[in-house]
$ cat target14.txt   # compact mmCIF, C-alpha atoms and all ligand atoms
# COMPACT_ATOMS: atom_id res chain seq x y z
CA MET W 1 189.93 98.14 7.31
CA PRO W 2 191.81 94.89 7.55
CA PRO W 3 195.08 95.04 9.40
CA LEU W 4 197.54 96.46 6.95
CA PHE W 5 201.00 95.14 6.84
CA THR W 6 203.40 97.86 7.55
CA VAL W 7 206.95 97.33 8.52
CA ARG W 8 207.60 99.34 11.60
CA PRO W 9 211.06 98.24 12.49
CA LEU W 10 212.51 99.00 15.85
CA PRO W 11 214.05 102.44 15.86
CA ALA W 12 217.53 100.97 15.84
CA LEU W 13 216.64 98.78 12.93
CA ALA W 14 214.97 101.64 11.14
CA ARG W 15 218.23 103.50 11.13
CA ARG W 16 220.11 100.55 9.81
CA LEU W 17 217.87 98.90 7.32
CA LEU W 18 217.10 100.39 4.03
CA PHE W 19 213.76 98.76 3.98
CA LEU W 20 211.76 98.36 0.92
CA LEU W 21 209.54 96.09 -0.95
CA ALA W 22 208.06 95.51 -4.23
CA CYS W 23 205.74 93.00 -5.66
CA ALA W 24 205.36 90.53 -8.41
CA GLY W 25 202.96 87.79 -9.07
CA LEU W 26 204.63 84.44 -9.35
CA LEU W 27 203.01 82.60 -6.47
CA THR W 28 199.61 84.05 -6.93
CA ALA W 29 196.28 82.50 -6.21
CA PRO W 30 194.52 80.93 -9.21
CA HIS W 31 192.03 83.76 -9.58
CA ALA W 32 194.86 86.25 -9.60
CA ARG W 33 196.77 84.23 -12.13
CA ALA W 34 193.82 84.47 -14.46
CA ALA W 35 193.96 88.25 -14.31
CA ALA W 36 195.65 90.09 -17.10
CA SER W 37 199.31 90.41 -16.33
CA ALA W 38 202.17 92.23 -17.89
CA ALA W 39 205.93 92.25 -17.76
CA PHE W 40 207.24 93.20 -14.39
CA THR W 41 207.88 96.92 -14.29
CA ILE W 42 208.77 99.09 -11.35
CA GLU W 43 207.11 102.48 -11.59
CA PRO W 44 208.83 105.03 -9.39
CA ARG W 45 206.63 107.95 -8.36
CA LEU W 46 208.55 110.91 -7.07
CA LEU W 47 207.18 112.93 -4.18
CA GLY W 48 208.63 115.66 -2.01
CA ARG W 49 211.55 117.78 -3.06
CA THR W 50 212.33 118.03 -6.72
CA LEU W 51 215.13 116.02 -8.23
CA ASN W 52 217.09 117.44 -11.11
CA ALA W 53 216.81 115.81 -14.52
CA ALA W 54 219.96 113.73 -14.11
CA GLN W 55 218.83 112.44 -10.72
CA ARG W 56 215.41 111.57 -12.09
CA ALA W 57 217.03 109.70 -14.94
CA THR W 58 219.20 107.79 -12.47
CA VAL W 59 216.17 106.76 -10.43
CA GLN W 60 214.48 105.57 -13.61
CA GLU W 61 217.55 103.65 -14.66
CA ALA W 62 217.73 101.91 -11.28
CA ALA W 63 214.06 100.96 -11.55
CA ALA W 64 214.62 99.62 -15.05
CA ARG W 65 217.65 97.60 -14.01
CA VAL W 66 215.80 95.95 -11.14
CA SER W 67 212.71 95.38 -13.29
CA ALA W 68 214.93 93.57 -15.79
CA LEU W 69 215.94 91.08 -13.12
CA ILE W 70 212.36 89.84 -12.76
CA ALA W 71 210.92 87.35 -15.23
CA SER W 72 207.58 86.97 -13.44
CA PRO W 73 204.70 88.96 -14.82
CA PHE W 74 203.22 91.67 -12.68
CA VAL W 75 199.70 90.78 -11.70
CA PRO W 76 197.57 93.93 -11.35
CA VAL W 77 196.69 94.70 -7.78
CA ARG W 78 194.12 96.92 -6.11
CA LEU W 79 195.65 99.59 -3.89
CA ASP W 80 193.22 101.07 -1.42
CA ALA W 81 194.70 102.91 1.52
CA PRO W 82 194.20 106.19 3.33
CA ALA W 83 196.76 108.95 2.99
CA GLY W 84 199.90 108.36 4.95
CA ASP W 85 199.15 104.68 5.47
CA CYS W 86 202.53 103.16 4.69
CA ASP W 87 204.55 106.34 4.90
CA GLN W 88 203.30 109.65 6.19
CA GLY W 89 204.25 111.27 2.90
CA LEU W 90 201.97 109.12 0.79
CA PRO W 91 198.71 110.30 -0.73
CA ARG W 92 195.48 108.38 -0.47
CA LEU W 93 195.62 105.36 -2.73
CA ARG W 94 192.64 104.22 -4.71
CA GLU W 95 193.67 102.60 -7.93
CA THR W 96 194.41 99.38 -9.68
CA ALA W 97 198.15 99.26 -10.12
CA ARG W 98 199.32 97.57 -13.28
CA GLN W 99 202.96 98.09 -12.45
CA PHE W 100 204.81 97.81 -9.21
CA VAL W 101 204.52 101.30 -7.75
CA VAL W 102 207.31 102.58 -5.56
CA PHE W 103 206.84 106.00 -4.03
CA VAL W 104 210.18 107.76 -3.79
CA ILE W 105 209.83 110.52 -1.24
CA VAL W 106 212.68 113.01 -1.39
CA LYS W 107 213.12 114.83 1.89
CA ASN W 108 215.63 115.76 4.51
CA LEU W 109 215.87 112.66 6.64
CA GLU W 110 217.80 114.58 9.28
CA ASP W 111 220.07 111.62 9.65
CA ASP W 112 223.28 110.35 8.20
CA LEU W 113 221.82 107.96 5.73
CA TYR W 114 221.18 108.03 2.04
CA ALA W 115 217.83 106.35 1.92
CA THR W 116 215.40 104.10 3.68
CA GLY W 117 212.74 101.90 2.25
CA MET W 118 209.64 100.20 3.48
CA PRO W 119 207.45 97.41 2.29
CA CYS W 120 203.80 98.20 2.11
CA ASP W 121 200.98 95.66 2.07
CA LEU W 122 201.74 92.07 1.09
CA ARG W 123 199.51 90.07 -1.19
CA ASP W 124 197.49 87.25 0.24
CA GLY W 125 198.82 83.90 -0.85
CA SER W 126 202.13 84.95 -2.30
CA PHE W 127 203.26 87.29 0.47
CA LEU W 128 204.79 89.51 -2.17
CA PRO W 129 204.57 93.25 -1.68
CA MET W 130 201.81 95.22 -3.38
CA TYR W 131 203.74 98.49 -3.48
CA GLY W 132 206.64 100.08 -1.72
CA THR W 133 208.18 103.30 -0.55
CA ILE W 134 211.65 104.76 -0.49
CA GLU W 135 212.65 107.83 1.44
CA LEU W 136 215.61 109.46 -0.22
CA ASN W 137 217.66 111.92 1.78
CA SER W 138 217.74 115.31 0.08
CA ASP W 139 220.59 116.39 2.32
CA GLY W 140 223.78 115.98 0.35
CA LEU W 141 221.96 114.47 -2.60
CA ASN W 142 223.42 116.96 -5.05
CA ASP W 143 226.90 115.90 -4.00
CA LEU W 144 226.19 112.23 -4.46
CA PRO W 145 227.99 110.90 -7.52
CA ARG W 146 225.74 109.32 -10.11
CA ALA W 147 227.18 105.84 -9.51
CA ASP W 148 226.41 106.09 -5.81
CA LEU W 149 222.84 107.24 -6.40
CA LEU W 150 222.34 104.46 -8.94
CA ASP W 151 223.81 101.88 -6.58
CA THR W 152 221.71 103.18 -3.69
CA MET W 153 218.50 103.15 -5.69
CA ILE W 154 219.06 99.64 -7.07
CA HIS W 155 219.71 98.50 -3.52
CA GLU W 156 216.53 100.21 -2.31
CA PHE W 157 214.36 98.90 -5.11
CA LEU W 158 215.55 95.40 -4.22
CA HIS W 159 214.40 96.07 -0.67
CA THR W 160 211.00 97.05 -2.05
CA LEU W 161 210.86 93.63 -3.68
CA GLY W 162 211.38 92.04 -0.30
CA VAL W 163 215.07 91.29 -0.54
CA GLY W 164 216.44 91.84 2.92
CA THR W 165 213.09 93.05 4.16
CA LEU W 166 210.83 89.99 4.04
CA TRP W 167 213.28 87.45 5.33
CA GLU W 168 211.88 87.10 8.83
CA ALA W 169 208.53 85.63 9.79
CA GLU W 170 207.48 88.70 11.76
CA TYR W 171 207.34 90.72 8.55
CA ARG W 172 205.67 88.03 6.46
CA VAL W 173 202.06 88.91 7.17
CA SER W 174 199.65 89.50 4.29
CA VAL W 175 197.17 92.31 3.84
CA SER W 176 194.46 90.15 5.41
CA GLY W 177 196.59 89.45 8.44
CA ASP W 178 197.61 85.94 7.51
CA PRO W 179 201.09 84.97 8.64
CA ASP W 180 203.34 83.05 6.30
CA GLY W 181 205.46 81.63 9.09
CA ARG W 182 208.56 81.17 6.98
CA THR W 183 211.86 82.68 7.90
CA PHE W 184 215.05 82.79 5.86
CA VAL W 185 217.30 83.82 8.70
CA ARG W 186 219.03 81.52 11.13
CA ARG W 187 221.08 82.52 14.13
CA VAL W 188 224.11 80.51 15.17
CA GLY W 189 225.64 82.04 18.26
CA ARG W 190 225.97 85.72 17.47
CA GLN W 191 226.15 85.28 13.71
CA LEU W 192 223.12 85.49 11.48
CA TYR W 193 222.85 83.49 8.27
CA TYR W 194 220.53 83.58 5.32
CA THR W 195 219.18 80.09 4.66
CA GLY W 196 216.63 80.51 1.86
CA PRO W 197 217.24 77.56 -0.47
CA ARG W 198 217.92 79.31 -3.78
CA ALA W 199 220.36 81.90 -2.48
CA LEU W 200 221.96 79.23 -0.33
CA ALA W 201 222.42 77.05 -3.42
CA ALA W 202 223.99 80.00 -5.22
CA TYR W 203 226.29 80.52 -2.27
CA ARG W 204 227.34 76.88 -2.38
CA ALA W 205 227.92 77.08 -6.12
CA LEU W 206 230.22 80.03 -5.50
CA GLY W 207 232.18 77.95 -3.01
CA GLY W 208 230.61 79.27 0.19
CA ARG W 209 230.94 76.80 3.03
CA GLU W 210 229.20 78.32 6.01
CA VAL W 211 225.78 77.11 7.16
CA GLY W 212 224.16 80.00 5.33
CA VAL W 213 225.09 83.22 3.65
CA PRO W 214 226.57 85.35 6.44
CA LEU W 215 224.43 88.38 7.25
CA ASP W 216 224.99 91.67 8.94
CA PRO W 217 223.44 92.01 12.40
CA ASP W 218 220.41 93.76 10.88
CA ALA W 219 219.46 90.48 9.15
CA GLY W 220 218.82 92.39 5.97
CA HIS W 221 222.17 92.60 4.19
CA TRP W 222 224.92 90.22 3.21
CA ALA W 223 227.80 90.49 5.64
CA GLY W 224 230.20 92.91 4.04
CA ASP W 225 233.32 91.09 5.16
CA ALA W 226 232.10 87.74 3.86
CA VAL W 227 230.44 88.69 0.59
CA CYS W 228 232.18 92.03 0.03
CA SER W 229 231.26 93.97 -3.05
CA GLU W 230 227.67 93.11 -3.85
CA ILE W 231 224.57 95.20 -4.29
CA LEU W 232 223.05 93.92 -1.06
CA SER W 233 226.18 93.92 1.07
CA GLY W 234 226.12 95.94 4.22
CA SER W 235 229.65 97.12 4.68
CA ALA W 236 230.93 96.51 1.19
CA GLY W 237 234.48 96.98 2.27
CA GLU W 238 237.35 97.46 0.06
CA PHE W 239 236.37 98.06 -3.41
CA THR W 240 234.16 99.91 -5.69
CA GLY W 241 233.90 103.24 -7.45
CA ARG W 242 231.20 101.56 -9.46
CA VAL W 243 227.75 100.15 -9.04
CA ASN W 244 228.06 96.97 -7.03
CA PRO W 245 227.10 93.79 -8.87
CA VAL W 246 223.82 91.94 -8.55
CA SER W 247 225.19 88.48 -7.85
CA PRO W 248 223.56 85.04 -7.98
CA LEU W 249 223.09 85.43 -4.22
CA THR W 250 220.67 88.29 -4.66
CA LEU W 251 219.00 86.63 -7.65
CA GLY W 252 218.56 83.53 -5.48
CA ALA W 253 217.08 85.67 -2.73
CA LEU W 254 214.54 87.01 -5.22
CA GLU W 255 213.68 83.42 -6.16
CA ASP W 256 213.28 82.46 -2.53
CA LEU W 257 210.66 85.18 -2.22
CA GLY W 258 208.75 83.72 -5.16
CA TYR W 259 209.93 85.71 -8.17
CA ARG W 260 211.22 84.16 -11.31
CA VAL W 261 214.42 85.88 -12.34
CA ASN W 262 216.40 86.53 -15.47
CA ARG W 263 219.62 84.78 -14.65
CA ALA W 264 221.36 86.49 -17.54
CA ALA W 265 220.69 89.87 -15.96
CA GLY W 266 223.00 89.10 -13.06
CA ALA W 267 226.64 90.07 -12.97
CA PRO W 268 229.74 87.87 -12.86
CA PHE W 269 230.64 87.43 -9.24
CA ARG W 270 233.06 85.61 -6.98
CA LEU W 271 233.16 85.34 -3.26
CA PRO W 272 236.31 86.56 -1.59
CA THR W 273 238.67 83.88 -0.43
CA GLY W 274 239.30 83.88 3.28
CA ARG W 275 237.98 87.02 4.92
CA SER W 276 239.64 89.57 2.71
CA CYS W 277 237.58 91.54 0.26
CA ALA W 278 240.72 92.32 -1.70
CA THR W 279 240.86 88.72 -2.93
CA GLN W 280 237.56 89.19 -4.68
CA VAL W 281 239.08 91.22 -7.46
CA THR W 282 241.58 89.86 -9.91
CA PRO W 283 243.52 92.74 -11.41
CA LYS W 284 244.31 92.42 -15.07
CA PRO W 285 248.02 91.87 -15.62
CA GLY W 286 249.68 95.08 -16.61
CA ALA W 287 246.57 97.12 -15.96
CA PRO W 288 247.40 100.55 -14.62
CA GLN W 289 246.56 101.03 -10.99
CA ALA W 290 243.68 103.37 -10.57
CA ARG W 291 244.54 106.36 -8.49
CA PRO W 292 242.90 105.83 -5.14
CA PRO W 293 240.14 108.32 -4.47
CA ALA W 294 240.18 110.61 -1.51
CA GLY W 295 239.63 108.83 1.76
CA PHE W 296 240.99 105.53 2.94
CA SER W 297 241.41 102.93 0.24
CA SER W 298 239.95 100.28 2.50
CA CYS W 299 238.74 99.71 6.01
CA ALA W 300 241.90 97.74 6.63
CA ALA W 301 243.90 100.79 5.60
CA ALA W 302 241.82 102.94 7.91
CA ARG W 303 242.45 100.56 10.80
CA ALA W 304 246.13 100.37 9.96
CA ALA W 305 246.28 104.16 10.08
CA GLY W 306 244.70 104.10 13.52
CA ALA W 307 241.56 105.94 12.44
CA THR W 308 238.66 106.01 14.84
CA LEU W 309 236.00 103.77 13.36
CA PRO W 310 233.42 103.96 12.11
CA LEU W 311 234.20 106.87 9.83
CA ARG W 312 231.36 109.34 9.59
CA ARG W 313 230.26 110.98 6.40
CA GLY W 314 231.93 114.36 6.17
CA GLN W 315 234.84 113.16 8.27
CA PRO W 316 238.32 112.91 6.72
CA GLY W 317 238.91 109.45 5.33
CA TYR W 318 235.25 108.63 4.78
CA ARG W 319 234.34 107.34 1.34
CA PRO W 320 230.89 106.16 0.20
CA GLU W 321 232.57 103.03 -1.15
CA LEU W 322 233.40 102.03 2.42
CA ASP W 323 229.83 102.56 3.53
CA GLY W 324 228.04 99.65 2.02
CA ASP W 325 224.77 100.13 3.88
CA ARG W 326 224.81 103.83 3.07
CA ASP W 327 224.00 104.90 6.56
CA GLY W 328 226.73 107.49 6.71
CA LEU W 329 228.97 105.27 8.80
CA ALA W 330 231.85 103.53 7.06
CA CYS W 331 233.83 100.54 8.35
CA GLU W 332 231.39 99.68 11.10
CA ASN W 333 232.17 96.01 11.14
CA ARG W 334 235.26 94.91 12.91
CA PRO W 335 237.14 92.17 11.07
ZN ZN S 401 219.83 98.08 2.62

$ encode --input "target14.txt" --output "structure tokens"
Amino acid sequence: MPPLFTVRPLPALARRLLFLLACAGLLTAPHARAAASAAFTIEPRLLGRTLNAAQRATVQEAAARVSALIASPFVPVRLDAPAGDCDQGLPRLRETARQFVVFVIVKNLEDDLYATGMPCDLRDGSFLPMYGTIELNSDGLNDLPRADLLDTMIHEFLHTLGVGTLWEAEYRVSVSGDPDGRTFVRRVGRQLYYTGPRALAAYRALGGREVGVPLDPDAGHWAGDAVCSEILSGSAGEFTGRVNPVSPLTLGALEDLGYRVNRAAGAPFRLPTGRSCATQVTPKPGAPQARPPAGFSSCAAARAAGATLPLRRGQPGYRPELDGDRDGLACENRP
């Protein structure tokens, strides 16, 4: 058995990162390119506890939305792995996958997080994932509003594609054990930045001026206080009640990994001005103010009220909208 690429993040990272991966075949070897290929489709396979029909539909919708971002064809790939190889909940794999398979294992994670994801083997040559896994926390799942489950699953499927999970050289090792050597993360002092060229260009086009796109300390999410409401933001901060947008930053990150993307599938997006997420949203003149949901309207409001941060899920004041990385801790980042 060749050394199989499995992300085994440090325990601390494992708690933080919603790791995932997926695959597509843009930068494939010539022989692979000659293989029959099809439109890129994520195929979620549910394992573990049963989801209700609405939850299953939401998972499917998230998979479809992420699939629609990818313009590269999916090159069929041979999956051959013993049971439990990438995740202990996985069956033995012996098949030729014609879609990007993501195993979604629903179980009690016994932790305050919504989901985690992991990349499984990476293709030789392209270093794109061959399949992926998501562990979805069954605890509290029935209380999770549809928009939050959809947002979480889109976020996780992006991780399966390598966004936020294949940014550092240590993870970029193919199924045969070949290292890619590239890294998209740069550290300046204590701050981490994403420096992949396409996402960086998108950041510049949006007016971003730092040396790279600011990242959370886990090196796998946009810094919530610098990018704010975005599908890959860590602490998304002030605003939501909706599915966070897939911005040109995340589309650029997909391109940096080697996917072609459907630019039109992205959402309109603006960076906040200064360091306030509130400046990201331009209210329509005369539009009625939405009634704030239960919990603090923003992390700033929580701080102003003297709340002990971070807010934990289940604690007064906690709102999923303030918990961008969905780990059950809201407002973790100090301004
Ligand atoms: Zn994540």

$ residues_around --input "target14.txt" --residues "stretch 90-102 of chain W" --least-positions-apart "6" --cutoff "10 Å" --atoms "only C-alpha atoms" --output "ChimeraX atom specification"
/W:20-24,36-48,63,67,73-84,117-120,129-134,157,160-161

$ atom_distance --input "target14.txt" --atom1 "atom CA of W:Cys277" --atom2 "atom CA of W:Asn137"
28.5 Å

$ atom_distance --input "target14.txt" --atom1 "atom CA of W:Asp151" --atom2 "atom CA of W:Asp121"
25.2 Å

$ closest_residue --input "target14.txt" --among "W:Arg123, W:His221, W:Arg182, W:Arg172" --to "W:His155" --atoms "only C-alpha atoms"
W:His221

$ closest_residue --input "target14.txt" --among "W:Ala115, W:Ala64, W:Leu141, W:Leu69" --to "W:Pro248" --atoms "all atoms listed in the file"
W:Leu69

$ residues_around --input "target14.txt" --residues "W:Asp256" --least-positions-apart "5" --cutoff "7 Å" --atoms "all atoms listed in the file" --output "CSV table (one decimal) with C-alpha atoms, in the frame of the given file"
chain,number,residue,atom,x,y,z
W,196,GLY,CA,216.6,80.5,1.9
W,197,PRO,CA,217.2,77.6,-0.5
W,198,ARG,CA,217.9,79.3,-3.8

$ residues_around --input "target14.txt" --residues "W:Gly266" --least-positions-apart "6" --cutoff "10 Å" --atoms "all atoms listed in the file" --output "PyMOL selection string"
chain W and resi 68-69+245-251

$ atom_distance --input "target14.txt" --atom1 "atom CA of W:Pro272" --atom2 "atom CA of W:His159"
23.9 Å

$ closest_residue --input "target14.txt" --among "W:Glu168, W:Glu332, W:Asp111, W:Glu156" --to "ligand ZN 401 (chain S)" --atoms "all atoms listed in the file"
W:Glu156

$ closest_residue --input "target14.txt" --among "W:Gly177, W:Gly164, W:Gly208, W:Pro268" --to "ligand ZN 401 (chain S)" --atoms "all atoms listed in the file"
W:Gly164

$ closest_residue --input "target14.txt" --among "W:Asn262, W:Gln280, W:Ser174, W:Thr116" --to "ligand ZN 401 (chain S)" --atoms "all atoms listed in the file"
W:Thr116

$ closest_residue --input "target14.txt" --among "W:Ser72, W:Thr50, W:Gln55, W:Thr152" --to "ligand ZN 401 (chain S)" --atoms "all atoms listed in the file"
W:Thr152

$ residues_near_point --input "target14.txt" --point "(227.3, 79.6, -0.2)" --cutoff "12 Å" --atoms "all atoms listed in the file" --output "ChimeraX atom specification"
/W:193-215,222,226-227,247-250,252,270-272
